[in-house]
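query_3.tsv follows; it contains TSV, C-alpha atoms and all ligand atoms.
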```tsv
chain	number	residue	atom	x	y	z
A	193	MET	CA	120.58	-14.25	97.96
A	194	VAL	CA	118.30	-16.43	95.90
A	195	ALA	CA	116.10	-14.02	93.98
A	196	GLN	CA	112.37	-14.59	93.74
A	197	LEU	CA	112.05	-11.81	91.22
A	198	GLU	CA	114.74	-10.58	88.89
A	199	LEU	CA	114.55	-7.82	86.31
A	200	LYS	CA	117.30	-7.47	83.76
A	201	GLU	CA	117.49	-4.28	81.74
A	202	VAL	CA	113.73	-4.00	81.44
A	203	SER	CA	112.44	-1.17	79.25
A	204	LYS	CA	109.01	-0.08	78.13
A	205	ILE	CA	108.65	2.28	75.24
A	206	TYR	CA	105.41	3.83	74.02
A	207	ARG	CA	105.05	5.39	70.62
A	208	VAL	CA	102.27	7.95	70.54
A	209	GLY	CA	102.13	9.61	67.13
A	210	ASP	CA	105.64	10.94	66.54
A	211	ASN	CA	106.48	10.87	70.24
A	212	VAL	CA	108.55	8.15	71.84
A	213	ILE	CA	107.93	7.83	75.58
A	214	THR	CA	110.38	5.76	77.57
A	215	ALA	CA	108.18	4.76	80.50
A	216	LEU	CA	110.78	2.36	81.82
A	217	ASP	CA	114.45	2.65	81.01
A	218	ARG	CA	116.69	-0.41	81.50
A	219	VAL	CA	115.62	-1.25	85.03
A	220	SER	CA	117.52	-4.08	86.69
A	221	LEU	CA	116.76	-5.32	90.18
A	222	SER	CA	116.60	-8.39	92.28
A	223	ILE	CA	114.11	-9.12	95.05
A	224	ALA	CA	114.23	-11.96	97.57
A	225	LYS	CA	111.16	-13.87	98.74
A	226	GLY	CA	109.55	-12.19	101.71
A	227	ASP	CA	111.06	-8.76	101.04
A	228	PHE	CA	109.01	-5.65	101.69
A	229	ILE	CA	109.88	-3.17	98.95
A	230	SER	CA	108.57	0.36	98.58
A	231	VAL	CA	108.70	2.35	95.35
A	232	VAL	CA	108.74	6.14	95.33
A	233	GLY	CA	109.09	8.78	92.61
A	234	HIS	CA	107.23	11.65	91.04
A	235	SER	CA	104.13	11.14	88.99
A	236	GLY	CA	105.11	9.85	85.55
A	237	SER	CA	108.40	8.33	86.75
A	238	GLY	CA	107.38	4.81	85.72
A	239	LYS	CA	106.19	3.26	88.98
A	240	THR	CA	102.90	1.90	87.67
A	241	THR	CA	104.57	0.69	84.49
A	242	LEU	CA	107.14	-1.17	86.60
A	243	VAL	CA	104.60	-3.06	88.72
A	244	SER	CA	102.34	-3.68	85.72
A	245	ILE	CA	105.20	-5.39	83.93
A	246	VAL	CA	106.17	-7.39	87.02
A	247	GLY	CA	102.52	-8.44	87.39
A	248	GLY	CA	102.20	-9.55	83.78
A	249	ILE	CA	99.61	-6.85	82.97
A	250	LEU	CA	102.00	-5.27	80.48
A	251	ARG	CA	104.74	-6.80	78.44
A	252	PRO	CA	108.11	-5.01	78.34
A	253	SER	CA	109.60	-3.69	75.08
A	254	SER	CA	112.90	-5.31	75.98
A	255	GLY	CA	114.66	-6.99	78.86
A	256	GLN	CA	114.00	-10.06	80.92
A	257	ILE	CA	111.85	-10.81	83.99
A	258	LEU	CA	112.39	-13.95	86.00
A	259	PHE	CA	109.86	-14.95	88.63
A	260	GLU	CA	110.91	-17.95	90.70
A	261	GLY	CA	113.34	-18.76	87.93
A	262	GLU	CA	110.77	-18.63	85.14
A	263	ASP	CA	111.05	-16.16	82.29
A	264	ILE	CA	107.58	-14.61	82.27
A	265	CYS	CA	108.18	-12.79	78.99
A	266	ALA	CA	108.38	-16.16	77.30
A	267	LEU	CA	104.85	-17.08	78.45
A	268	GLY	CA	102.00	-17.00	75.94
A	269	ASP	CA	98.88	-15.00	76.73
A	270	VAL	CA	97.05	-17.85	78.47
A	271	ASP	CA	100.01	-18.75	80.68
A	272	LEU	CA	100.68	-15.10	81.40
A	273	SER	CA	97.13	-14.59	82.64
A	274	GLY	CA	97.55	-17.74	84.73
A	275	TYR	CA	100.69	-16.20	86.23
A	276	ARG	CA	98.82	-12.95	86.90
A	277	ASN	CA	95.83	-14.61	88.51
A	278	GLU	CA	97.46	-17.36	90.50
A	279	ARG	CA	100.86	-16.11	91.54
A	280	ILE	CA	100.38	-12.37	91.97
A	281	GLY	CA	98.01	-10.47	94.27
A	282	PHE	CA	97.04	-6.95	93.25
A	283	MET	CA	95.90	-3.89	95.16
A	284	PHE	CA	95.07	-0.71	93.30
A	285	GLN	CA	94.65	2.92	94.27
A	286	PHE	CA	91.02	2.56	95.14
A	287	ALA	CA	89.82	-0.55	96.86
A	288	SER	CA	87.96	-1.33	93.59
A	289	LEU	CA	85.45	-3.67	95.16
A	290	LEU	CA	82.32	-4.56	93.24
A	291	PRO	CA	79.46	-2.74	94.98
A	292	MET	CA	76.83	-5.43	94.37
A	293	LEU	CA	78.87	-8.19	95.96
A	294	THR	CA	79.40	-8.72	99.69
A	295	ALA	CA	82.86	-8.59	101.27
A	296	ARG	CA	82.98	-12.38	101.15
A	297	GLU	CA	81.90	-12.51	97.52
A	298	ASN	CA	84.45	-9.85	96.56
A	299	VAL	CA	87.22	-11.96	98.08
A	300	MET	CA	85.90	-15.16	96.48
A	301	LEU	CA	85.88	-13.41	93.12
A	302	ALA	CA	89.66	-13.77	92.96
A	303	ALA	CA	89.24	-17.55	92.91
A	304	LEU	CA	86.89	-17.28	89.94
A	305	PHE	CA	89.78	-16.17	87.74
A	306	ALA	CA	92.08	-18.88	89.01
A	307	GLN	CA	91.82	-22.53	88.13
A	308	GLU	CA	91.22	-23.81	91.62
A	309	ARG	CA	87.53	-23.55	92.41
A	310	SER	CA	86.39	-25.55	95.34
A	311	ARG	CA	83.91	-25.69	98.19
A	312	GLU	CA	86.58	-24.36	100.48
A	313	GLU	CA	86.57	-20.97	98.76
A	314	GLN	CA	84.03	-19.44	101.08
A	315	GLN	CA	85.85	-20.73	104.13
A	316	ARG	CA	89.09	-19.32	102.81
A	317	ALA	CA	87.47	-15.93	102.09
A	318	ASP	CA	86.07	-15.86	105.63
A	319	HIS	CA	89.42	-16.90	107.09
A	320	LEU	CA	91.21	-14.13	105.17
A	321	LEU	CA	88.64	-11.51	106.16
A	322	ASP	CA	89.19	-12.61	109.74
A	323	LEU	CA	92.95	-12.34	109.24
A	324	VAL	CA	92.62	-8.71	108.07
A	325	GLY	CA	90.38	-7.87	111.01
A	326	ILE	CA	86.87	-7.75	109.56
A	327	GLY	CA	85.68	-11.29	110.12
A	328	GLU	CA	82.43	-9.86	111.51
A	329	ARG	CA	81.59	-8.07	108.27
A	330	VAL	CA	81.74	-10.84	105.66
A	331	GLU	CA	78.13	-10.17	104.66
A	332	ALA	CA	78.56	-6.40	104.34
A	333	TYR	CA	78.49	-4.63	100.98
A	334	PRO	CA	81.30	-2.19	100.12
A	335	GLY	CA	78.90	0.75	100.53
A	336	GLU	CA	78.41	-0.31	104.15
A	337	LEU	CA	82.16	-0.34	104.87
A	338	SER	CA	84.57	2.52	105.63
A	339	GLY	CA	87.48	3.27	103.30
A	340	GLY	CA	89.85	1.45	105.65
A	341	GLN	CA	87.57	-1.58	105.87
A	342	GLN	CA	87.31	-1.67	102.07
A	343	ARG	CA	91.11	-1.77	101.90
A	344	ARG	CA	91.07	-4.71	104.28
A	345	VAL	CA	88.75	-6.54	101.89
A	346	ALA	CA	91.10	-5.64	99.02
A	347	ILE	CA	94.04	-7.12	100.98
A	348	ALA	CA	92.07	-10.30	101.64
A	349	ARG	CA	91.22	-10.51	97.94
A	350	ALA	CA	94.88	-10.06	97.00
A	351	LEU	CA	95.71	-13.00	99.30
A	352	MET	CA	92.92	-15.28	98.07
A	353	ASN	CA	94.98	-17.31	95.63
A	354	ASN	CA	97.93	-17.55	97.97
A	355	PRO	CA	100.24	-15.46	95.76
A	356	GLY	CA	104.01	-15.33	96.09
A	357	LEU	CA	104.00	-11.59	95.52
A	358	ILE	CA	101.60	-8.73	96.21
A	359	LEU	CA	101.79	-5.61	94.07
A	360	ALA	CA	100.15	-2.56	95.60
A	361	ASP	CA	99.90	0.65	93.56
A	362	GLU	CA	99.25	3.53	95.96
A	363	PRO	CA	96.63	1.44	97.78
A	364	THR	CA	95.98	4.04	100.46
A	365	GLY	CA	96.09	7.19	98.32
A	366	ASP	CA	92.76	8.67	99.38
A	367	LEU	CA	92.66	7.56	103.03
A	368	ASP	CA	93.25	9.81	106.03
A	369	GLU	CA	96.67	9.55	107.67
A	370	GLU	CA	95.57	7.44	110.60
A	371	THR	CA	93.74	4.86	108.47
A	372	GLU	CA	96.62	4.81	106.00
A	373	ALA	CA	99.06	4.01	108.82
A	374	GLU	CA	96.73	1.24	110.03
A	375	ILE	CA	96.55	-0.35	106.58
A	376	MET	CA	100.32	-0.10	106.18
A	377	LYS	CA	100.81	-1.80	109.53
A	378	LEU	CA	98.48	-4.56	108.37
A	379	LEU	CA	100.40	-4.96	105.09
A	380	GLY	CA	103.63	-5.26	107.10
A	381	ARG	CA	102.06	-7.92	109.31
A	382	ILE	CA	100.75	-9.86	106.31
A	383	ASN	CA	104.21	-9.64	104.72
A	384	ARG	CA	105.85	-11.16	107.79
A	385	GLU	CA	103.22	-13.70	108.80
A	386	GLN	CA	102.24	-14.95	105.33
A	387	GLU	CA	105.80	-14.69	104.00
A	388	VAL	CA	104.49	-13.00	100.91
A	389	THR	CA	106.71	-10.53	99.10
A	390	MET	CA	105.30	-7.02	98.93
A	391	ILE	CA	106.02	-4.29	96.40
A	392	LEU	CA	104.28	-1.12	97.44
A	393	ILE	CA	104.12	2.15	95.52
A	394	THR	CA	103.47	5.04	97.86
A	395	HIS	CA	103.63	8.83	97.95
A	396	ASN	CA	104.17	8.74	101.69
A	397	ALA	CA	107.94	9.06	102.20
A	398	ALA	CA	107.75	8.24	105.91
A	399	LEU	CA	105.86	5.02	105.22
A	400	ALA	CA	108.15	4.16	102.31
A	401	ARG	CA	111.14	4.30	104.67
A	402	THR	CA	109.63	1.59	106.86
A	403	ALA	CA	110.14	-0.96	104.03
A	404	ASP	CA	113.16	-3.28	103.91
A	405	ARG	CA	114.24	-1.47	100.76
A	406	MET	CA	113.06	1.69	99.08
A	407	LEU	CA	113.40	2.03	95.32
A	408	ARG	CA	113.46	5.52	93.86
A	409	MET	CA	112.28	6.01	90.27
A	410	LYS	CA	112.97	9.03	88.06
A	411	ASN	CA	112.16	9.39	84.35
A	412	GLY	CA	111.72	5.65	83.97
A	413	ARG	CA	115.02	4.84	85.61
A	414	LEU	CA	115.76	3.21	88.93
A	415	VAL	CA	117.95	5.94	90.44
A	416	GLY	CA	118.37	4.77	93.99
A	417	VAL	CA	117.94	1.88	96.39
A	418	THR	CA	117.89	2.60	100.11
A	419	GLU	CA	118.17	-0.23	102.62
A	420	ARG	CA	116.37	0.29	105.89
A	421	GLU	CA	118.75	1.28	108.68
A	501	LIG	P1	103.83	6.72	87.57
A	501	LIG	O1	103.04	5.53	87.99
A	501	LIG	O2	105.17	6.82	88.24
A	501	LIG	O3	103.06	7.98	87.73
A	501	LIG	P2	103.57	5.62	84.90
A	501	LIG	O4	104.27	4.32	84.93
A	501	LIG	O5	102.09	5.59	84.96
A	501	LIG	O6	104.17	6.59	86.00
A	501	LIG	O7	103.96	6.37	83.56
A	501	LIG	C1	105.32	6.51	83.12
A	501	LIG	C2	105.34	7.30	81.80
A	501	LIG	O8	104.77	6.52	80.77
A	501	LIG	C3	104.55	8.60	81.84
A	501	LIG	O9	105.23	9.54	81.06
A	501	LIG	C4	103.24	8.21	81.19
A	501	LIG	O10	102.64	9.32	80.59
A	501	LIG	C5	103.68	7.19	80.17
A	501	LIG	N1	102.63	6.20	79.86
A	501	LIG	C6	102.07	5.32	80.72
A	501	LIG	N2	101.17	4.54	80.11
A	501	LIG	C7	101.16	4.94	78.80
A	501	LIG	C8	100.43	4.52	77.63
A	501	LIG	N3	99.55	3.52	77.67
A	501	LIG	N4	100.69	5.17	76.48
A	501	LIG	C9	101.58	6.16	76.43
A	501	LIG	N5	102.30	6.60	77.46
A	501	LIG	C10	102.09	6.00	78.66
A	502	MG	MG	101.16	5.42	88.92
```
Output the file's structure as structure tokens, nothing else.
Ligand code: ADP
Ligand code: MG
Amino acid sequence: MVAQLELKEVSKIYRVGDNVITALDRVSLSIAKGDFISVVGHSGSGKTTLVSIVGGILRPSSGQILFEGEDICALGDVDLSGYRNERIGFMFQFASLLPMLTARENVMLAALFAQERSREEQQRADHLLDLVGIGERVEAYPGELSGGQQRRVAIARALMNNPGLILADEPTGDLDEETEAEIMKLLGRINREQEVTMILITHNAALARTADRMLRMKNGRLVGVTERE
């Protein structure tokens, strides 16, 4: 397997007063392009820390992270934010859309942080909103959309810069079961059709098992990897 993403003995240590917190403890793993990976574990087990480091939001205390062969820990701040904005798509717990911008503008916002600004941005935003099933609502404001529809906008936004990898941190946490399943199905479809790697943190064990591989975190350590049957 040619790895798209490789972590070698990655640790993250916080010092808070006299306390030393090992948020991530020598995690090594290898992910191929196009994989759908789920991450499970109790609260505080290091899941968010793991995806934050992979996404270049946090720097590790030690270890190495290779993305498409490039050592991202060696990047300076400007290059690291370029990596974050142009190569990674993010989805957070809440859809975190800006309420004063329309669905289209929220999706276009992603391009603002990337280098490539062009006239095609609006067309791309509309195309992506169509792809996630809300092409009719490009002019709607978040307050006019349901929770599920807001997630669809968030998925379109994550795709805006054509990332190689999408990191989703409990993106459906507060949705009802049915809508959550719908959004998960959509993420699976996007993963296959767009050939974008997906790393998804979820509390939903049944959904986690539908991934190609399920990573189990405990006390900052990667304690298990389950391949889908
Ligand atoms: P999870 O996402 O699995 O709930 P986190 O990655 O958020 O876990 O946290 C892992 C551990 O690191 C927890 O013990 C948490 O309290 C600690 N932690 C996270 N961020 C910080 C921080 N900025 N400062 C100190 N400790 C932190
Ligand atoms: Mg978390």
Point-to-point distance in Å for atom O7 of ligand LIG 501 (chain A) and CA of Tyr275 (chain A): 23.0 Å
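Computed from the coordinates, the CA of Asp318 (chain A) to CA of Glu372 (chain A) distance equals 23.2 Å.
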At most 12 Å from ligand LIG 501 (chain A) (only C-alpha atoms and all ligand atoms): residue list as a PyMOL selection string: chain A and resi 203-217+231-245+249-252+284-285+360-362+392-395+407-414
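Among the candidate residues A:Val299, A:Ala332, A:Ile358, A:Leu321, the one lying nearest to Arg276 (chain A) is A:Ile358, with distances computed using all atoms listed in the file.
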Residue among A:Val415, A:Arg279, A:Thr402, A:Gly248 lying closest to Val219 (chain A), counting only C-alpha atoms: A:Val415
Best match for closeness to Ala348 (chain A) among A:Glu297, A:Glu374, A:Glu331, A:Asp368, counting all atoms listed in the file: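 Using all atoms listed in the file, the shortest distance to Ala348 (chain A) belongs to A:Glu297.
One distance worth recording is that between CA of Ile280 (chain A) and CA of Gly416 (chain A), which is 24.9 Å.
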Residue list as an NGL selection string for point (90.0, -11.9, 97.9), cut-off 10 Å, all atoms listed in the file: :A and (281-282 or 289 or 295-303 or 313 or 316-318 or 320-321 or 344-354)
Just write the chosen residues, C-alpha atoms, as a PDB file, in the coordinates of the input.
```
ATOM      1  CA  GLY A 281      98.010 -10.470  94.270  1.00  0.00           C
ATOM      2  CA  PHE A 282      97.040  -6.950  93.250  1.00  0.00           C
ATOM      3  CA  LEU A 289      85.450  -3.670  95.160  1.00  0.00           C
ATOM      4  CA  ALA A 295      82.860  -8.590 101.270  1.00  0.00           C
ATOM      5  CA  ARG A 296      82.980 -12.380 101.150  1.00  0.00           C
ATOM      6  CA  GLU A 297      81.900 -12.510  97.520  1.00  0.00           C
ATOM      7  CA  ASN A 298      84.450  -9.850  96.560  1.00  0.00           C
ATOM      8  CA  VAL A 299      87.220 -11.960  98.080  1.00  0.00           C
ATOM      9  CA  MET A 300      85.900 -15.160  96.480  1.00  0.00           C
ATOM     10  CA  LEU A 301      85.880 -13.410  93.120  1.00  0.00           C
ATOM     11  CA  ALA A 302      89.660 -13.770  92.960  1.00  0.00           C
ATOM     12  CA  ALA A 303      89.240 -17.550  92.910  1.00  0.00           C
ATOM     13  CA  GLU A 313      86.570 -20.970  98.760  1.00  0.00           C
ATOM     14  CA  ARG A 316      89.090 -19.320 102.810  1.00  0.00           C
ATOM     15  CA  ALA A 317      87.470 -15.930 102.090  1.00  0.00           C
ATOM     16  CA  ASP A 318      86.070 -15.860 105.630  1.00  0.00           C
ATOM     17  CA  LEU A 320      91.210 -14.130 105.170  1.00  0.00           C
ATOM     18  CA  LEU A 321      88.640 -11.510 106.160  1.00  0.00           C
ATOM     19  CA  ARG A 344      91.070  -4.710 104.280  1.00  0.00           C
ATOM     20  CA  VAL A 345      88.750  -6.540 101.890  1.00  0.00           C
ATOM     21  CA  ALA A 346      91.100  -5.640  99.020  1.00  0.00           C
ATOM     22  CA  ILE A 347      94.040  -7.120 100.980  1.00  0.00           C
ATOM     23  CA  ALA A 348      92.070 -10.300 101.640  1.00  0.00           C
ATOM     24  CA  ARG A 349      91.220 -10.510  97.940  1.00  0.00           C
ATOM     25  CA  ALA A 350      94.880 -10.060  97.000  1.00  0.00           C
ATOM     26  CA  LEU A 351      95.710 -13.000  99.300  1.00  0.00           C
ATOM     27  CA  MET A 352      92.920 -15.280  98.070  1.00  0.00           C
ATOM     28  CA  ASN A 353      94.980 -17.310  95.630  1.00  0.00           C
ATOM     29  CA  ASN A 354      97.930 -17.550  97.970  1.00  0.00           C
TER      30      ASN A 354
END
```
Residue nearest Glu419 (chain A) - candidates A:Ala195, A:Ile229, A:Ile391, A:Ala397, atoms counted: only C-alpha atoms: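 Of A:Ala195, A:Ile229, A:Ile391, A:Ala397, the one nearest Glu419 (chain A), counting only C-alpha atoms, is A:Ile229.
Of the listed residues A:Pro334, A:Pro355, A:Gly274, A:Pro363, the one whose atoms come nearest to ligand MG 502 (chain A) is A:Pro363, with distances taken using all atoms listed in the file.
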Given all atoms listed in the file as the counted atoms, nearest of A:Gly226, A:Asn277, A:Val194, A:Gly365 to ligand MG 502 (chain A): A:Gly365
Taking all atoms of region 342-345 of chain A that the file lists and extending 4 Å past them on each side, where is the centre of the axis-aligned box and how long are its edges? Answer in Å to one decimal, as AutoDock Vina command-line options.
```
--center_x 89.2 --center_y -4.1 --center_z 103.1 --size_x 11.8 --size_y 12.9 --size_z 10.4
```
Shell around Gln256 (chain A) at 9 Å using all atoms listed in the file, local window under 5 positions removed, as a list in words: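 After dropping sequence-adjacent residues, the list is Glu198, Leu199, Lys200, Glu201, Val202, Asp263, Ile264 and Cys265 of chain A.
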